[in-house]
file upload_9.pdb (PDB, C-alpha atoms)
ATOM      1  CA  ASP A1084      30.122  25.383  16.909
ATOM      2  CA  LEU A1085      29.053  22.547  19.147
ATOM      3  CA  VAL A1086      25.711  23.559  20.615
ATOM      4  CA  ALA A1087      23.796  21.714  23.323
ATOM      5  CA  PRO A1088      20.319  23.345  23.443
ATOM      6  CA  SER A1089      18.909  20.623  25.700
ATOM      7  CA  ASP A1090      19.991  16.991  25.983
ATOM      8  CA  ALA A1091      21.485  16.826  22.484
ATOM      9  CA  VAL A1092      24.688  18.152  20.944
ATOM     10  CA  ALA A1093      24.542  19.768  17.507
ATOM     11  CA  LEU A1094      27.324  20.667  15.105
ATOM     12  CA  ASN A1095      26.475  24.090  13.685
ATOM     13  CA  LEU A1096      28.131  24.956  10.347
ATOM     14  CA  ARG A1097      27.210  28.546   9.517
ATOM     15  CA  MET A1098      26.804  29.973   6.005
ATOM     16  CA  ARG A1099      26.663  33.666   5.212
ATOM     17  CA  SER A1100      25.328  34.033   1.653
ATOM     18  CA  ALA A1101      23.403  32.206  -1.057
ATOM     19  CA  ASP A1102      25.263  29.356  -2.794
ATOM     20  CA  ASP A1103      27.564  28.900   0.201
ATOM     21  CA  PHE A1104      28.411  25.307   1.143
ATOM     22  CA  SER A1105      29.144  23.509   4.386
ATOM     23  CA  PHE A1106      30.977  20.169   4.117
ATOM     24  CA  ILE A1107      31.729  17.106   6.140
ATOM     25  CA  ILE A1108      34.590  15.412   4.298
ATOM     26  CA  PHE A1109      35.757  11.804   4.663
ATOM     27  CA  THR A1110      39.341  11.135   3.542
ATOM     28  CA  ASP A1111      41.448   8.048   2.965
ATOM     29  CA  HIS A1112      43.877   7.044   5.709
ATOM     30  CA  ASP A1113      46.920   6.928   3.428
ATOM     31  CA  VAL A1114      49.355   9.801   2.886
ATOM     32  CA  SER A1115      47.374  11.214  -0.032
ATOM     33  CA  GLU A1116      44.284  11.717   2.157
ATOM     34  CA  ASP A1117      42.109  11.639  -0.971
ATOM     35  CA  TYR A1118      38.421  12.357  -0.579
ATOM     36  CA  ILE A1119      36.367   9.152  -0.423
ATOM     37  CA  GLY A1120      33.082  10.830   0.457
ATOM     38  CA  GLN A1121      31.445  14.124   1.275
ATOM     39  CA  LEU A1122      28.233  15.341   2.833
ATOM     40  CA  ALA A1123      27.453  18.890   1.775
ATOM     41  CA  VAL A1124      24.695  21.368   2.504
ATOM     42  CA  LYS A1125      24.172  24.136  -0.041
ATOM     43  CA  ARG A1126      22.392  27.301   1.029
ATOM     44  CA  THR A1127      19.728  28.116  -1.595
ATOM     45  CA  GLY A1128      18.095  31.072   0.151
ATOM     46  CA  ALA A1129      16.980  32.420   3.483
ATOM     47  CA  ASN A1130      16.416  29.412   5.766
ATOM     48  CA  THR A1131      16.471  27.015   2.800
ATOM     49  CA  GLY A1132      19.052  24.580   1.541
ATOM     50  CA  GLU A1133      19.708  21.254  -0.130
ATOM     51  CA  MET A1134      21.741  18.256   1.013
ATOM     52  CA  GLN A1135      24.251  16.666  -1.364
ATOM     53  CA  PHE A1136      25.944  13.278  -1.043
ATOM     54  CA  TYR A1137      29.250  12.523  -2.772
ATOM     55  CA  THR A1138      31.376   9.381  -3.112
ATOM     56  CA  SER A1139      34.687   8.590  -4.841
ATOM     57  CA  GLY A1140      35.998  12.103  -4.370
ATOM     58  CA  ASP A1141      33.700  14.878  -5.511
ATOM     59  CA  THR A1142      31.238  12.835  -7.588
ATOM     60  CA  LEU A1143      27.669  13.816  -6.733
ATOM     61  CA  ARG A1144      25.523  10.722  -6.242
ATOM     62  CA  MET A1145      22.338  11.957  -4.565
ATOM     63  CA  LEU A1146      20.725  15.162  -3.365
ATOM     64  CA  ILE A1147      17.639  16.308  -1.496
ATOM     65  CA  ASP A1148      16.627  19.738  -2.746
ATOM     66  CA  ASP A1149      14.997  22.518  -0.756
ATOM     67  CA  SER A1150      11.492  21.279  -1.674
ATOM     68  CA  GLY A1151      12.166  17.717  -0.497
ATOM     69  CA  LYS A1152      12.651  16.192  -3.961
ATOM     70  CA  VAL A1153      15.293  13.469  -4.160
ATOM     71  CA  GLY A1154      17.628  13.082  -7.118
ATOM     72  CA  ILE A1155      19.794   9.977  -7.609
ATOM     73  CA  GLY A1156      22.152  10.767 -10.475
ATOM     74  CA  ALA A1157      19.886  13.740 -11.200
ATOM     75  CA  SER A1158      21.018  17.182 -10.069
ATOM     76  CA  SER A1159      17.610  18.785 -10.740
ATOM     77  CA  PRO A1160      14.919  16.269  -9.702
ATOM     78  CA  THR A1161      11.555  16.822 -11.391
ATOM     79  CA  GLY A1162       9.457  14.659  -9.070
ATOM     80  CA  LYS A1163       9.508  13.358  -5.506
ATOM     81  CA  LEU A1164      12.155  10.882  -6.727
ATOM     82  CA  SER A1165      14.153  11.253  -9.958
ATOM     83  CA  ILE A1166      16.702   8.657 -11.067
ATOM     84  CA  ALA A1167      19.069   9.285 -13.967
ATOM     85  CA  GLY A1168      21.965   7.344 -15.458
ATOM     86  CA  ALA A1169      24.188   7.326 -18.532
ATOM     87  CA  SER A1170      23.269   3.738 -19.452
ATOM     88  CA  GLY A1171      20.479   1.229 -18.979
ATOM     89  CA  VAL A1172      22.311  -0.512 -16.151
ATOM     90  CA  GLN A1173      22.949   2.779 -14.345
ATOM     91  CA  SER A1174      19.237   3.663 -14.576
ATOM     92  CA  ASN A1175      17.819   0.275 -13.599
ATOM     93  CA  ILE A1176      15.814  -0.255 -10.422
ATOM     94  CA  TYR A1177      16.036  -3.679  -8.791
ATOM     95  CA  VAL A1178      13.533  -4.807  -6.163
ATOM     96  CA  ASP A1179      14.679  -8.156  -4.748
ATOM     97  CA  ASN A1180      12.753 -10.529  -2.498
ATOM     98  CA  HIS A1181      14.618 -13.383  -0.818
ATOM     99  CA  ALA A1182      11.824 -14.750   1.371
ATOM    100  CA  GLY A1183      11.279 -18.519   1.521
ATOM    101  CA  ASP A1184       7.650 -18.290   0.391
ATOM    102  CA  GLN A1185       5.523 -17.513  -2.683
ATOM    103  CA  ASP A1186       5.399 -13.747  -2.089
ATOM    104  CA  SER A1187       7.136 -11.328  -4.471
ATOM    105  CA  ALA A1188       8.340  -7.751  -4.270
ATOM    106  CA  ASN A1189       5.672  -5.193  -5.170
ATOM    107  CA  PHE A1190       5.172  -1.681  -6.441
ATOM    108  CA  ILE A1191       2.012  -0.362  -4.782
ATOM    109  CA  PHE A1192       0.106   2.698  -6.022
ATOM    110  CA  ARG A1193      -2.413   4.175  -3.568
ATOM    111  CA  LYS A1194      -5.083   6.838  -3.981
ATOM    112  CA  SER A1195      -7.227   8.628  -1.378
ATOM    113  CA  ARG A1196      -9.374  11.707  -1.917
ATOM    114  CA  ASN A1197      -8.402  12.974   1.533
ATOM    115  CA  THR A1198      -5.960  15.890   1.280
ATOM    116  CA  THR A1199      -4.259  14.956   4.588
ATOM    117  CA  ILE A1200      -1.409  12.487   4.088
ATOM    118  CA  GLY A1201      -2.207   9.166   5.732
ATOM    119  CA  SER A1202      -5.968   9.812   5.967
ATOM    120  CA  HIS A1203      -8.806   8.159   4.072
ATOM    121  CA  THR A1204     -11.621   9.456   1.883
ATOM    122  CA  VAL A1205     -13.271   7.048  -0.547
ATOM    123  CA  VAL A1206     -12.320   7.370  -4.211
ATOM    124  CA  GLN A1207     -14.938   7.690  -6.952
ATOM    125  CA  ASP A1208     -15.837   5.960 -10.188
ATOM    126  CA  GLY A1209     -13.342   7.039 -12.862
ATOM    127  CA  ASP A1210     -10.561   8.117 -10.477
ATOM    128  CA  ASP A1211      -7.029   7.138 -11.511
ATOM    129  CA  LEU A1212      -5.427   4.693  -9.063
ATOM    130  CA  GLY A1213      -2.053   4.652 -10.784
ATOM    131  CA  SER A1214      -0.393   5.141 -14.134
ATOM    132  CA  ILE A1215       2.783   4.013 -15.883
ATOM    133  CA  LEU A1216       3.998   6.288 -18.676
ATOM    134  CA  PHE A1217       6.643   5.378 -21.244
ATOM    135  CA  GLN A1218       8.301   8.528 -22.610
ATOM    136  CA  GLY A1219      11.023   9.383 -25.094
ATOM    137  CA  SER A1220      12.812  12.590 -25.996
ATOM    138  CA  ASP A1221      11.692  14.358 -29.189
ATOM    139  CA  GLY A1222      14.832  16.468 -29.126
ATOM    140  CA  ASN A1223      13.274  19.186 -26.969
ATOM    141  CA  SER A1224      11.135  17.478 -24.339
ATOM    142  CA  TYR A1225       9.944  14.078 -23.161
ATOM    143  CA  GLU A1226       6.746  12.886 -24.855
ATOM    144  CA  THR A1227       4.519   9.925 -23.993
ATOM    145  CA  GLY A1228       4.575   6.999 -26.437
ATOM    146  CA  ALA A1229       2.505   4.561 -24.389
ATOM    147  CA  GLN A1230       0.641   4.446 -21.085
ATOM    148  CA  ILE A1231      -1.044   1.931 -18.777
ATOM    149  CA  VAL A1232      -3.682   3.356 -16.419
ATOM    150  CA  ALA A1233      -5.576   1.742 -13.538
ATOM    151  CA  GLU A1234      -8.937   3.386 -12.761
ATOM    152  CA  VAL A1235     -11.846   2.847 -10.397
ATOM    153  CA  ASP A1236     -14.581   1.030 -12.332
ATOM    154  CA  THR A1237     -18.056   1.771 -10.916
ATOM    155  CA  THR A1238     -18.775   2.894  -7.352
ATOM    156  CA  PRO A1239     -16.458   1.525  -4.617
ATOM    157  CA  GLY A1240     -17.380   0.815  -1.015
ATOM    158  CA  ASP A1241     -15.969  -0.525   2.254
ATOM    159  CA  GLY A1242     -13.759  -3.495   1.310
ATOM    160  CA  ASP A1243     -14.839  -3.168  -2.341
ATOM    161  CA  MET A1244     -12.588  -1.557  -4.962
ATOM    162  CA  PRO A1245     -13.656  -2.439  -8.545
ATOM    163  CA  GLY A1246     -10.960  -1.544 -11.043
ATOM    164  CA  ARG A1247     -10.216  -1.457 -14.754
ATOM    165  CA  LEU A1248      -6.988  -1.367 -16.760
ATOM    166  CA  ILE A1249      -6.620   0.911 -19.792
ATOM    167  CA  PHE A1250      -3.844   0.537 -22.371
ATOM    168  CA  LYS A1251      -2.898   3.530 -24.513
ATOM    169  CA  THR A1252      -0.487   4.214 -27.361
ATOM    170  CA  THR A1253       0.360   7.409 -29.240
ATOM    171  CA  ALA A1254      -0.222   7.351 -32.987
ATOM    172  CA  ASP A1255       2.377   8.722 -35.402
ATOM    173  CA  GLY A1256       1.954  12.492 -35.551
ATOM    174  CA  ALA A1257      -0.352  12.629 -32.519
ATOM    175  CA  SER A1258       0.390  14.718 -29.425
ATOM    176  CA  ALA A1259      -1.186  12.417 -26.820
ATOM    177  CA  ALA A1260      -1.787   8.739 -26.156
ATOM    178  CA  SER A1261      -5.172   7.257 -27.065
ATOM    179  CA  GLU A1262      -6.962   4.297 -25.541
ATOM    180  CA  ARG A1263      -6.535   1.069 -27.522
ATOM    181  CA  MET A1264      -7.747  -1.585 -25.093
ATOM    182  CA  ARG A1265      -9.378  -1.914 -21.681
ATOM    183  CA  ILE A1266     -10.139  -4.690 -19.227
ATOM    184  CA  THR A1267     -13.170  -3.926 -17.071
ATOM    185  CA  SER A1268     -13.795  -4.923 -13.468
ATOM    186  CA  ALA A1269     -15.918  -7.786 -14.794
ATOM    187  CA  GLY A1270     -12.979  -9.108 -16.828
ATOM    188  CA  ASN A1271     -14.502  -8.096 -20.161
ATOM    189  CA  VAL A1272     -12.100  -6.798 -22.827
ATOM    190  CA  GLY A1273     -12.701  -4.019 -25.297
ATOM    191  CA  ILE A1274     -10.302  -3.436 -28.207
ATOM    192  CA  GLY A1275     -11.096  -0.278 -30.140
ATOM    193  CA  THR A1276     -13.976   0.446 -27.763
ATOM    194  CA  ASN A1277     -14.187   1.694 -24.172
ATOM    195  CA  ASN A1278     -17.492  -0.083 -23.575
ATOM    196  CA  PRO A1279     -17.391  -3.854 -24.092
ATOM    197  CA  GLY A1280     -20.561  -4.137 -22.001
ATOM    198  CA  SER A1281     -21.303  -7.665 -20.821
ATOM    199  CA  ILE A1282     -19.496  -9.399 -23.690
ATOM    200  CA  ARG A1283     -16.219 -11.107 -22.806
ATOM    201  CA  LEU A1284     -14.360  -9.711 -25.841
ATOM    202  CA  VAL A1285     -15.369  -6.900 -28.178
ATOM    203  CA  VAL A1286     -13.170  -5.857 -31.105
ATOM    204  CA  ARG A1287     -14.230  -2.741 -32.997
ATOM    205  CA  ASP A1288     -12.723  -1.197 -36.126
ATOM    206  CA  ASN A1289     -14.499   2.040 -37.047
ATOM    207  CA  ASP A1290     -18.144   1.010 -37.573
ATOM    208  CA  THR A1291     -17.512  -2.724 -37.543
ATOM    209  CA  SER A1292     -17.548  -4.672 -34.309
ATOM    210  CA  THR A1293     -17.397  -8.317 -33.314
ATOM    211  CA  GLY A1294     -18.037  -9.896 -29.956
ATOM    212  CA  THR A1295     -17.365 -13.308 -28.534
ATOM    213  CA  GLY A1296     -17.727 -15.180 -25.285
ATOM    214  CA  ASP A1297     -20.199 -15.185 -22.435
ATOM    215  CA  PRO A1298     -20.109 -12.466 -19.740
TER     216      PRO A1298
END
call {"tool": "encode", "arguments": {"input": "upload_9.pdb", "output": "structure tokens"}}
result
Amino acid sequence: DLVAPSDAVALNLRMRSADDFSFIIFTDHDVSEDYIGQLAVKRTGANTGEMQFYTSGDTLRMLIDDSGKVGIGASSPTGKLSIAGASGVQSNIYVDNHAGDQDSANFIFRKSRNTTIGSHTVVQDGDDLGSILFQGSDGNSYETGAQIVAEVDTTPGDGDMPGRLIFKTTADGASAASERMRITSAGNVGIGTNNPGSIRLVVRDNDTSTGTGDP
């Protein structure tokens, strides 16, 4: 159907039952008319569906599921964006910057305590600002081997966001990553301790600790 409800024209492809598909197919101009791309919508339930994008025939490249999760190479995305590949190159993410200045490309993690997207409520001491987890398969599930966490360090205010970095690794036989080192908002480093205080570097091994440097 071509439907014009107001000043726009819509192409209406109707589906009758769950798991039905509607396709827009792009074919080659030669006599074979091979598929070179497809846009498909799969009905997943009443008033719900997912969009699928194909290239090089019927090879699924990307989908947006009925909850809004995006999968690139992943047919069942586990987060807002899931990327999967059969090799390192196929799984790589490249962020290029070609500006003629000193600026670089950035990954930016943001945190607000406001539950409305785009709105602001000040974060609190100890809140996570962002985390990078390094995981590997144990044969049944993905487990964390190492983690880097950015947290709010002391009370923030308008134009003031003190932060600390925490580095974690998972010991052999352990089920979770443990803190090994932190850098506080004052630039002080604690290894084996989460409280280097006002000393520039504190290294602690069980009951033995050493400190060096001025605050």
call {"tool": "residues_around", "arguments": {"input": "upload_9.pdb", "residues": "range 1127-1132 of chain A", "least_positions_apart": "3", "cutoff": "7 Å", "atoms": "only C-alpha atoms", "output": "MDAnalysis selection string"}}
result
chainID A and resid 1101:1102 1124 1148:1149
call {"tool": "atom_distance", "arguments": {"input": "upload_9.pdb", "atom1": "CA of Asp1288 in chain A", "atom2": "CA of Met1264 in chain A"}}
result
12.1 Å
call {"tool": "atom_distance", "arguments": {"input": "upload_9.pdb", "atom1": "CA of Met1098 in chain A", "atom2": "CA of Gln1135 in chain A"}}
result
15.4 Å
call {"tool": "resolve_selection", "arguments": {"input": "upload_9.pdb", "expression": "the PyMOL selection byres ((chain A and resi 1160) around 12)", "output": "mmCIF file with C-alpha atoms, in the frame of the given file"}}
result
data_model
loop_
_atom_site.group_PDB
_atom_site.id
_atom_site.type_symbol
_atom_site.label_atom_id
_atom_site.label_comp_id
_atom_site.auth_asym_id
_atom_site.auth_seq_id
_atom_site.Cartn_x
_atom_site.Cartn_y
_atom_site.Cartn_z
ATOM 1 C CA GLU A 1133 19.708 21.254 -0.130
ATOM 2 C CA MET A 1145 22.338 11.957 -4.565
ATOM 3 C CA LEU A 1146 20.725 15.162 -3.365
ATOM 4 C CA ILE A 1147 17.639 16.308 -1.496
ATOM 5 C CA ASP A 1148 16.627 19.738 -2.746
ATOM 6 C CA ASP A 1149 14.997 22.518 -0.756
ATOM 7 C CA SER A 1150 11.492 21.279 -1.674
ATOM 8 C CA GLY A 1151 12.166 17.717 -0.497
ATOM 9 C CA LYS A 1152 12.651 16.192 -3.961
ATOM 10 C CA VAL A 1153 15.293 13.469 -4.160
ATOM 11 C CA GLY A 1154 17.628 13.082 -7.118
ATOM 12 C CA ILE A 1155 19.794 9.977 -7.609
ATOM 13 C CA GLY A 1156 22.152 10.767 -10.475
ATOM 14 C CA ALA A 1157 19.886 13.740 -11.200
ATOM 15 C CA SER A 1158 21.018 17.182 -10.069
ATOM 16 C CA SER A 1159 17.610 18.785 -10.740
ATOM 17 C CA THR A 1161 11.555 16.822 -11.391
ATOM 18 C CA GLY A 1162 9.457 14.659 -9.070
ATOM 19 C CA LYS A 1163 9.508 13.358 -5.506
ATOM 20 C CA LEU A 1164 12.155 10.882 -6.727
ATOM 21 C CA SER A 1165 14.153 11.253 -9.958
ATOM 22 C CA ILE A 1166 16.702 8.657 -11.067
ATOM 23 C CA ALA A 1167 19.069 9.285 -13.967
#
call {"tool": "residues_around", "arguments": {"input": "upload_9.pdb", "residues": "range 1185-1201 of chain A", "least_positions_apart": "5", "cutoff": "8 Å", "atoms": "all atoms listed in the file", "output": "list in words"}}
result
Val1178, Asp1179, Asn1180, Val1206, Asp1211, Leu1212 and Gly1213 of chain A
